[in-house]
file target01.txt (compact mmCIF, C-alpha atoms (C1' of nucleotides))
# COMPACT_ATOMS: atom_id res chain seq x y z
CA MET S 186 102.84 110.79 111.75
CA GLU S 187 103.56 108.59 108.73
CA LEU S 188 100.93 110.56 106.86
CA MET S 189 102.76 113.76 107.61
CA LYS S 190 106.14 112.40 106.55
CA ALA S 191 104.76 111.02 103.30
CA ARG S 192 103.02 114.25 102.47
CA GLU S 193 106.12 116.31 103.19
CA ALA S 194 108.20 114.06 100.98
CA ALA S 195 105.73 114.45 98.15
CA MET S 196 105.44 118.21 98.45
CA ALA S 197 109.21 118.55 98.59
CA ARG S 198 109.14 117.42 94.98
CA PHE S 199 106.62 120.00 93.87
CA ARG S 200 107.51 123.03 95.89
CA PRO S 201 110.73 124.05 94.11
CA MET S 202 109.03 123.89 90.72
CA LEU S 203 106.06 125.95 91.90
CA ARG S 204 108.42 128.37 93.57
CA ASP S 205 110.16 128.93 90.25
CA HIS S 206 106.81 130.15 88.96
CA GLY S 207 106.16 132.29 92.02
CA LEU S 208 103.39 130.15 93.49
CA THR S 209 102.86 128.31 96.74
CA GLU S 210 101.31 124.88 96.88
CA GLN S 211 97.97 126.32 98.01
CA GLN S 212 97.90 129.02 95.36
CA TRP S 213 98.48 126.29 92.80
CA ARG S 214 95.57 124.30 94.23
CA VAL S 215 93.32 127.32 93.74
CA LEU S 216 94.39 127.85 90.13
CA ARG S 217 93.86 124.17 89.42
CA ALA S 218 90.40 124.20 90.96
CA LEU S 219 89.44 127.23 88.89
CA THR S 220 90.70 125.56 85.74
CA ASP S 221 88.42 122.64 86.43
CA CYS S 222 85.44 124.77 87.26
CA ASP S 223 85.63 128.49 86.64
CA ASN S 224 83.31 131.20 87.96
CA ILE S 225 82.38 129.60 91.24
CA ASP S 226 81.87 131.32 94.54
CA ALA S 227 84.29 131.25 97.38
CA SER S 228 82.64 128.48 99.38
CA GLU S 229 82.67 126.16 96.41
CA LEU S 230 86.27 127.07 95.67
CA ALA S 231 87.27 126.42 99.27
CA ALA S 232 85.68 122.98 99.15
CA ARG S 233 87.33 122.08 95.84
CA SER S 234 90.79 123.22 96.87
CA PHE S 235 90.46 121.91 100.44
CA LEU S 236 91.25 125.20 102.06
CA LEU S 237 89.60 126.82 105.03
CA ALA S 238 87.75 130.05 104.40
CA PRO S 239 90.27 132.34 106.12
CA SER S 240 93.15 130.85 104.12
CA LEU S 241 91.20 131.18 100.92
CA THR S 242 90.43 134.83 101.63
CA ARG S 243 94.14 135.61 101.91
CA ILE S 244 95.07 133.56 98.87
CA VAL S 245 92.35 135.11 96.72
CA GLN S 246 93.50 138.59 97.74
CA HIS S 247 97.06 137.68 96.86
CA LEU S 248 96.25 136.13 93.48
CA GLU S 249 93.94 139.03 92.65
CA SER S 250 96.71 141.52 93.42
CA GLU S 251 98.82 139.72 90.82
CA ALA S 252 95.95 139.75 88.31
CA LEU S 253 95.85 135.96 88.09
CA ILE S 254 92.20 135.80 89.12
CA SER S 255 89.28 138.19 89.30
CA ARG S 256 86.59 138.55 91.92
CA ARG S 257 83.10 140.00 91.67
CA GLN S 258 79.88 139.80 93.62
CA ASN S 259 77.05 137.49 92.78
CA ALA S 260 74.19 139.69 91.60
CA ALA S 261 71.53 137.38 93.03
CA ASP S 262 73.16 137.08 96.45
CA GLN S 263 75.40 139.95 97.47
CA ARG S 264 77.08 137.85 100.12
CA LYS S 265 78.72 135.59 97.59
CA ALA S 266 81.99 136.37 95.84
CA VAL S 267 82.43 134.80 92.42
CA VAL S 268 86.01 134.01 91.50
CA ALA S 269 87.36 133.44 87.99
CA LEU S 270 90.69 132.93 86.26
CA THR S 271 92.05 135.81 84.18
CA ALA S 272 93.77 135.20 80.88
CA LYS S 273 97.05 135.75 82.68
CA GLY S 274 96.08 133.17 85.28
CA ARG S 275 95.19 130.66 82.62
CA ARG S 276 98.49 131.20 80.84
CA LEU S 277 100.37 130.62 84.09
CA PHE S 278 98.42 127.43 84.66
CA ASP S 279 99.24 126.23 81.15
CA ARG S 280 102.94 126.85 81.73
CA ILE S 281 102.99 124.99 85.05
CA ALA S 282 100.72 122.04 84.27
CA PRO S 283 103.25 120.06 82.17
CA HIS S 284 105.86 120.29 84.93
CA SER S 285 103.31 119.19 87.49
CA GLU S 286 102.27 116.21 85.41
CA ALA S 287 105.90 115.26 84.82
CA LEU S 288 106.54 115.17 88.58
CA TYR S 289 103.44 113.03 89.15
CA ALA S 290 104.60 110.66 86.43
CA GLN S 291 108.03 110.46 87.97
CA ILE S 292 106.59 109.52 91.36
CA GLU S 293 104.34 106.97 89.73
CA LYS S 294 107.36 105.47 88.02
CA GLU S 295 109.45 105.34 91.18
CA PHE S 296 106.79 103.98 93.49
CA GLY S 297 104.92 101.83 91.02
CA PHE S 298 101.53 102.46 89.47
CA ASP S 299 99.70 99.65 91.23
CA ARG S 300 101.04 100.46 94.65
CA LEU S 301 100.18 104.11 94.15
CA GLU S 302 96.62 103.18 93.21
CA LEU S 303 96.38 101.00 96.29
CA LEU S 304 97.70 103.83 98.43
CA TYR S 305 95.16 106.25 96.98
CA GLU S 306 92.35 103.85 97.69
CA LEU S 307 93.43 103.27 101.27
CA LEU S 308 93.84 106.98 101.89
CA ALA S 309 90.44 107.82 100.48
CA ASP S 310 88.92 105.08 102.59
CA PHE S 311 90.77 106.22 105.67
CA TYR S 312 89.50 109.72 105.13
CA GLN S 313 85.91 108.59 104.71
CA THR S 314 86.09 106.29 107.71
CA LEU S 315 87.29 109.05 109.99
CA ARG S 316 84.77 111.52 108.64
CA ASN S 317 81.91 109.10 109.18
CA GLY S 318 83.10 108.41 112.68
CA ASP S 319 83.00 112.09 113.52
CA ALA S 320 79.27 112.26 113.01
CA MET O 489 96.26 115.71 97.96
CA GLU O 490 94.82 112.50 99.36
CA LEU O 491 97.70 112.48 101.81
CA MET O 492 96.74 115.90 103.01
CA LYS O 493 93.08 115.06 103.42
CA ALA O 494 93.85 111.87 105.31
CA ARG O 495 96.24 113.64 107.62
CA GLU O 496 93.78 116.42 108.33
CA ALA O 497 91.08 113.91 109.14
CA ALA O 498 93.38 112.13 111.56
CA MET O 499 94.56 115.27 113.30
CA ALA O 500 91.01 116.53 113.62
CA ARG O 501 90.55 113.66 116.05
CA PHE O 502 93.55 114.55 118.20
CA ARG O 503 93.53 118.31 118.15
CA PRO O 504 90.53 118.94 120.43
CA MET O 505 91.93 116.60 123.07
CA LEU O 506 95.36 118.22 122.97
CA ARG O 507 93.78 121.63 123.01
CA ASP O 508 92.00 120.72 126.24
CA HIS O 509 95.44 120.24 127.73
CA GLY O 510 96.80 123.44 126.25
CA LEU O 511 99.06 121.84 123.66
CA THR O 512 99.36 121.94 119.91
CA GLU O 513 100.07 118.87 117.85
CA GLN O 514 103.71 119.84 117.42
CA GLN O 515 104.25 120.60 121.09
CA TRP O 516 102.87 117.15 121.83
CA ARG O 517 105.31 115.60 119.37
CA VAL O 518 108.17 117.28 121.22
CA LEU O 519 107.02 116.03 124.61
CA ARG O 520 106.59 112.54 123.22
CA ALA O 521 110.05 112.56 121.67
CA LEU O 522 111.57 113.70 124.98
CA THR O 523 109.74 110.97 126.85
CA ASP O 524 111.32 108.43 124.53
CA CYS O 525 114.74 109.89 124.76
CA ASP O 526 115.41 112.61 127.29
CA ASN O 527 118.38 114.98 127.44
CA ILE O 528 119.13 115.21 123.76
CA ASP O 529 120.26 118.25 121.86
CA ALA O 530 118.08 120.29 119.60
CA SER O 531 119.18 118.71 116.34
CA GLU O 532 118.41 115.24 117.59
CA LEU O 533 115.08 116.43 118.94
CA ALA O 534 114.20 118.07 115.65
CA ALA O 535 114.91 114.82 113.81
CA ARG O 536 112.89 112.73 116.24
CA SER O 537 109.86 115.02 116.23
CA PHE O 538 110.11 115.76 112.49
CA LEU O 539 110.25 119.49 112.92
CA LEU O 540 112.45 121.99 111.17
CA ALA O 541 114.98 123.83 113.30
CA PRO O 542 113.21 127.21 113.26
CA SER O 543 109.93 125.64 114.33
CA LEU O 544 111.64 123.72 117.07
CA THR O 545 113.31 126.86 118.37
CA ARG O 546 109.94 128.54 118.80
CA ILE O 547 108.32 125.49 120.33
CA VAL O 548 111.15 124.94 122.80
CA GLN O 549 110.93 128.59 123.86
CA HIS O 550 107.21 128.22 124.36
CA LEU O 551 107.40 124.98 126.33
CA GLU O 552 110.26 126.35 128.41
CA SER O 553 108.21 129.42 129.28
CA GLU O 554 105.58 127.07 130.67
CA ALA O 555 108.20 125.10 132.60
CA LEU O 556 107.37 121.88 130.76
CA ILE O 557 110.94 121.43 129.55
CA SER O 558 114.36 122.77 130.47
CA ARG O 559 117.23 123.83 128.26
CA ARG O 560 120.94 124.05 129.01
CA GLN O 561 124.11 124.17 127.01
CA ASN O 562 126.24 121.16 126.27
CA ALA O 563 129.48 121.61 128.22
CA ALA O 564 131.59 119.89 125.58
CA ASP O 565 130.16 121.89 122.69
CA GLN O 566 128.76 125.26 123.63
CA ARG O 567 126.81 125.47 120.40
CA LYS O 568 124.52 122.63 121.35
CA ALA O 569 121.41 123.08 123.47
CA VAL O 570 120.40 120.09 125.55
CA VAL O 571 116.68 119.78 126.16
CA ALA O 572 114.99 117.77 128.90
CA LEU O 573 111.54 117.21 130.33
CA THR O 574 110.77 118.78 133.70
CA ALA O 575 108.72 116.94 136.31
CA LYS O 576 105.80 119.11 135.29
CA GLY O 577 106.29 118.18 131.67
CA ARG O 578 106.39 114.50 132.51
CA ARG O 579 103.19 114.78 134.53
CA LEU O 580 101.46 116.48 131.63
CA PHE O 581 102.63 113.73 129.30
CA ASP O 582 101.30 111.09 131.68
CA ARG O 583 97.93 112.79 131.78
CA ILE O 584 97.64 113.05 128.00
CA ALA O 585 99.09 109.69 126.93
CA PRO O 586 96.03 107.60 127.82
CA HIS O 587 93.74 109.85 125.81
CA SER O 588 96.10 109.71 122.88
CA GLU O 589 96.24 105.94 122.98
CA ALA O 590 92.48 105.73 123.23
CA LEU O 591 92.10 107.80 120.07
CA TYR O 592 94.60 105.62 118.22
CA ALA O 593 92.72 102.53 119.35
CA GLN O 594 89.45 104.04 118.18
CA ILE O 595 90.87 104.72 114.73
CA GLU O 596 92.30 101.22 114.58
CA LYS O 597 88.91 99.84 115.43
CA GLU O 598 87.06 101.92 112.84
CA PHE O 599 89.48 101.42 109.98
CA GLY O 600 90.61 97.91 110.79
CA PHE O 601 93.93 96.78 112.19
CA ASP O 602 95.14 94.99 109.07
CA ARG O 603 94.28 97.80 106.72
CA LEU O 604 95.96 100.28 109.04
CA GLU O 605 99.11 98.16 109.07
CA LEU O 606 99.05 98.00 105.29
CA LEU O 607 98.60 101.74 105.09
CA TYR O 608 101.55 102.32 107.44
CA GLU O 609 103.73 100.07 105.36
CA LEU O 610 102.80 101.77 102.11
CA LEU O 611 103.35 105.21 103.58
CA ALA O 612 106.75 104.32 104.98
CA ASP O 613 107.70 102.87 101.63
CA PHE O 614 106.41 105.88 99.78
CA TYR O 615 108.44 108.13 102.02
CA GLN O 616 111.62 106.11 101.51
CA THR O 617 111.09 105.89 97.77
CA LEU O 618 110.76 109.64 97.41
CA ARG O 619 113.70 110.32 99.69
CA ASN O 620 115.93 107.97 97.73
CA GLY O 621 114.84 109.57 94.50
CA ASP O 622 115.89 112.98 95.75
CA ALA O 623 119.52 111.94 96.00
C1' DT C 888 56.25 143.49 108.48
C1' DG C 889 59.63 143.42 111.82
C1' DG C 890 62.61 140.66 114.56
C1' DT C 891 65.65 136.88 114.69
C1' DA C 892 68.41 133.31 113.11
C1' DT C 893 71.39 131.85 109.59
C1' DC C 894 74.77 132.25 106.02
C1' DA C 895 79.00 134.03 103.15
C1' DG C 896 82.89 136.15 103.71
C1' DT C 897 86.36 138.69 106.27
C1' DT C 898 89.39 140.01 110.04
C1' DA C 899 92.16 139.00 114.07
C1' DA C 900 95.26 136.37 116.86
C1' DC C 901 98.26 132.79 117.53
C1' DG C 902 101.22 129.01 116.14
C1' DT C 903 103.64 126.48 112.59
C1' DG C 904 106.11 125.55 107.73
C1' DT C 905 109.58 127.17 104.72
C1' DT C 906 113.43 129.74 103.18
C1' DA C 907 117.30 132.68 103.74
C1' DA C 908 120.36 135.07 106.51
C1' DA C 909 122.75 136.02 110.86
C1' DC C 910 125.36 134.50 114.70
C1' DA C 911 128.56 132.35 117.84
C1' DG C 912 131.25 128.32 118.86
C1' DA C 913 134.11 124.63 116.89
C1' DT C 914 137.40 122.82 113.53
C1' DG C 915 141.05 122.53 110.16
C1' DC C 916 144.89 124.24 107.83
C1' DC C 917 148.92 127.01 106.98
C1' DG R 937 148.29 131.51 116.50
C1' DG R 938 145.42 133.39 113.04
C1' DC R 939 142.10 132.88 109.54
C1' DA R 940 138.74 130.68 106.62
C1' DT R 941 135.34 127.36 106.97
C1' DC R 942 131.92 124.47 108.93
C1' DT R 943 128.09 123.54 112.37
C1' DG R 944 124.28 124.18 115.63
C1' DT R 945 121.05 127.35 116.67
C1' DT R 946 118.50 131.48 116.26
C1' DT R 947 116.18 135.38 113.92
C1' DA R 948 113.50 137.36 110.24
C1' DA R 949 110.09 137.40 106.70
C1' DC R 950 106.32 135.64 104.48
C1' DA R 951 102.50 132.38 103.84
C1' DC R 952 99.21 129.02 105.64
C1' DG R 953 96.26 126.33 109.44
C1' DT R 954 93.11 126.88 113.09
C1' DT R 955 89.80 129.02 116.01
C1' DA R 956 86.86 132.72 117.28
C1' DA R 957 84.69 136.99 116.60
C1' DC R 958 82.66 140.19 113.42
C1' DT R 959 79.98 142.32 109.34
C1' DG R 960 76.59 142.51 106.01
C1' DA R 961 73.04 140.05 103.35
C1' DT R 962 69.41 136.71 103.19
C1' DA R 963 65.78 133.65 104.92
C1' DC R 964 62.41 132.51 108.06
C1' DC R 965 58.45 133.11 110.76
C1' DA R 966 55.41 134.67 114.20
call {"tool": "encode", "arguments": {"input": "target01.txt", "output": "structure tokens"}}
result
Amino acid sequence: MELMKAREAAMARFRPMLRDHGLTEQQWRVLRALTDCDNIDASELAARSFLLAPSLTRIVQHLESEALISRRQNAADQRKAVVALTAKGRRLFDRIAPHSEALYAQIEKEFGFDRLELLYELLADFYQTLRNGDA
Amino acid sequence: MELMKAREAAMARFRPMLRDHGLTEQQWRVLRALTDCDNIDASELAARSFLLAPSLTRIVQHLESEALISRRQNAADQRKAVVALTAKGRRLFDRIAPHSEALYAQIEKEFGFDRLELLYELLADFYQTLRNGDA
DNA sequence: TGGTATCAGTTAACGTGTTAAACAGATGCC
DNA sequence: GGCATCTGTTTAACACGTTAACTGATACCA
């Protein structure tokens, strides 16, 4: 419950900015993942952007229809779909990234760098603990 | 991002159990809020279960169709809709509550009570900090 | 080599999150 | 009393989360 509230509060900061650029939070996650590691197939992209496959399918279709990314089939394995940023997609990323970083910096300033680091560490640990317990 | 992952990991524990009882996470939040404080109007219920009004409208319609809650109009202010648990709703809550508590206890055991308390405190603080900054 | 299991991705169905707009009941002001 | 405004709730539209079922391609193996 507290996790949900905290996450909503954080996203409330980012959403309006992304909206101004015509993106949702998840679409932004996909562009960011592709900037880090372009030309990967859908499974890899799903893992890196923490999206489930059905969501990613819809998002990729949407972004492709706006020419922000391209999709082609892996020649070696016809099942796989390789996704890449287009020049247009990269330009959009470059326009948004400074705003995104500014919002992160603002949160860091308000909440305090050390406390934020501690929170990150606890969250990552919490995540790992629960994942291990599932097995 | 870490917030999202942590929340997903936590809900992955609860969802299957709730699903066995035919509820979603949000429907469960509504029942829990009504158990704490019955006969409140929709705005109050939305605040207590941390749902937006449109979501709550749908959920209340759904739960009402399954006779788990009842809805009537406030006599003093015809705009307000007063929501209450039915006997059936209360019985369902009583059946689920022990499972829910067991899952919480399990998480507490795996992650550690003190660390969980620290995490709660940081999250609540994070939430408040961001909310204050919005004003 | 052919049959079967597995894998990558998609589609479908349902419920929720978010935003904007619509709506009726309440309130305030002249 | 009539009219603009505000409030509580609902509806609509679009996108995502989750689960399950489906399709086509690949791998395995008797």
call {"tool": "atom_distance", "arguments": {"input": "target01.txt", "atom1": "CA of Arg200 in chain S", "atom2": "CA of Ala494 in chain O"}}
result
20.0 Å
call {"tool": "residues_around", "arguments": {"input": "target01.txt", "residues": "range 291-296 of chain S", "least_positions_apart": "5", "cutoff": "12 Å", "atoms": "only C-alpha atoms (C1' of nucleotides)", "output": "JSON, numbers by chain"}}
result
{"S": [194, 195, 196, 197, 198, 199, 284, 285, 286, 301, 302, 303, 304, 305], "O": [610, 611, 612, 613, 614, 615, 616, 617, 618, 619, 620, 621, 622]}
call {"tool": "closest_residue", "arguments": {"input": "target01.txt", "among": "R:DG960, R:DT943, R:DG937, R:DC950", "to": "chain S", "atoms": "all atoms listed in the file"}}
result
R:DG960
call {"tool": "residues_near_point", "arguments": {"input": "target01.txt", "point": "(96.7, 118.0, 120.1)", "cutoff": "12 Å", "atoms": "only C-alpha atoms (C1' of nucleotides)", "output": "NGL selection string"}}
result
(:O and (498-520 or 581 or 584-585 or 587-588 or 591)) or (:R and (954))
call {"tool": "write_last_selection", "arguments": {"input": "target01.txt", "atoms": "C-alpha atoms (C1' of nucleotides)", "output": "PDB file, in the frame of the given file"}}
result
ATOM      1  CA  ALA O 498      93.380 112.130 111.560  1.00  0.00           C
ATOM      2  CA  MET O 499      94.560 115.270 113.300  1.00  0.00           C
ATOM      3  CA  ALA O 500      91.010 116.530 113.620  1.00  0.00           C
ATOM      4  CA  ARG O 501      90.550 113.660 116.050  1.00  0.00           C
ATOM      5  CA  PHE O 502      93.550 114.550 118.200  1.00  0.00           C
ATOM      6  CA  ARG O 503      93.530 118.310 118.150  1.00  0.00           C
ATOM      7  CA  PRO O 504      90.530 118.940 120.430  1.00  0.00           C
ATOM      8  CA  MET O 505      91.930 116.600 123.070  1.00  0.00           C
ATOM      9  CA  LEU O 506      95.360 118.220 122.970  1.00  0.00           C
ATOM     10  CA  ARG O 507      93.780 121.630 123.010  1.00  0.00           C
ATOM     11  CA  ASP O 508      92.000 120.720 126.240  1.00  0.00           C
ATOM     12  CA  HIS O 509      95.440 120.240 127.730  1.00  0.00           C
ATOM     13  CA  GLY O 510      96.800 123.440 126.250  1.00  0.00           C
ATOM     14  CA  LEU O 511      99.060 121.840 123.660  1.00  0.00           C
ATOM     15  CA  THR O 512      99.360 121.940 119.910  1.00  0.00           C
ATOM     16  CA  GLU O 513     100.070 118.870 117.850  1.00  0.00           C
ATOM     17  CA  GLN O 514     103.710 119.840 117.420  1.00  0.00           C
ATOM     18  CA  GLN O 515     104.250 120.600 121.090  1.00  0.00           C
ATOM     19  CA  TRP O 516     102.870 117.150 121.830  1.00  0.00           C
ATOM     20  CA  ARG O 517     105.310 115.600 119.370  1.00  0.00           C
ATOM     21  CA  VAL O 518     108.170 117.280 121.220  1.00  0.00           C
ATOM     22  CA  LEU O 519     107.020 116.030 124.610  1.00  0.00           C
ATOM     23  CA  ARG O 520     106.590 112.540 123.220  1.00  0.00           C
ATOM     24  CA  PHE O 581     102.630 113.730 129.300  1.00  0.00           C
ATOM     25  CA  ILE O 584      97.640 113.050 128.000  1.00  0.00           C
ATOM     26  CA  ALA O 585      99.090 109.690 126.930  1.00  0.00           C
ATOM     27  CA  HIS O 587      93.740 109.850 125.810  1.00  0.00           C
ATOM     28  CA  SER O 588      96.100 109.710 122.880  1.00  0.00           C
ATOM     29  CA  LEU O 591      92.100 107.800 120.070  1.00  0.00           C
TER      30      LEU O 591
ATOM     31  C1'  DT R 954      93.110 126.880 113.090  1.00  0.00           C
TER      32       DT R 954
END
call {"tool": "interface_residues", "arguments": {"input": "target01.txt", "of": "chain R", "to": "chain S", "cutoff": "8 Å", "atoms": "all atoms listed in the file", "output": "PyMOL selection string"}}
result
chain R and resi 952-953+960-962
call {"tool": "closest_residue", "arguments": {"input": "target01.txt", "among": "O:Ala563, O:Val571, O:Glu609, O:Arg579", "to": "chain C", "atoms": "only C-alpha atoms (C1' of nucleotides)"}}
result
O:Ala563
call {"tool": "interface_residues", "arguments": {"input": "target01.txt", "of": "chain C", "to": "chain S", "cutoff": "8 Å", "atoms": "only C-alpha atoms (C1' of nucleotides)", "output": "number ranges by chain"}}
result
C: 895-897
call {"tool": "atom_distance", "arguments": {"input": "target01.txt", "atom1": "CA of Asp221 in chain S", "atom2": "CA of Lys190 in chain S"}}
result
28.7 Å
call {"tool": "atom_distance", "arguments": {"input": "target01.txt", "atom1": "CA of Val245 in chain S", "atom2": "CA of Glu490 in chain O"}}
result
22.9 Å
call {"tool": "residues_around", "arguments": {"input": "target01.txt", "residues": "Val570 in chain O", "least_positions_apart": "4", "cutoff": "8 Å", "atoms": "all atoms listed in the file", "output": "list of chain:residue names"}}
result
O:Asn527, O:Ile528, O:Asp529, O:Ala530, O:Arg559, O:Arg560, O:Gln561, O:Asn562
call {"tool": "closest_residue", "arguments": {"input": "target01.txt", "among": "O:Arg583, O:Lys576, O:His550, O:Arg603", "to": "chain S", "atoms": "all atoms listed in the file"}}
result
O:Arg603
call {"tool": "closest_residue", "arguments": {"input": "target01.txt", "among": "O:Glu532, O:Asp582, O:Asp526, O:Asp602", "to": "chain S", "atoms": "only C-alpha atoms"}}
result
O:Asp602
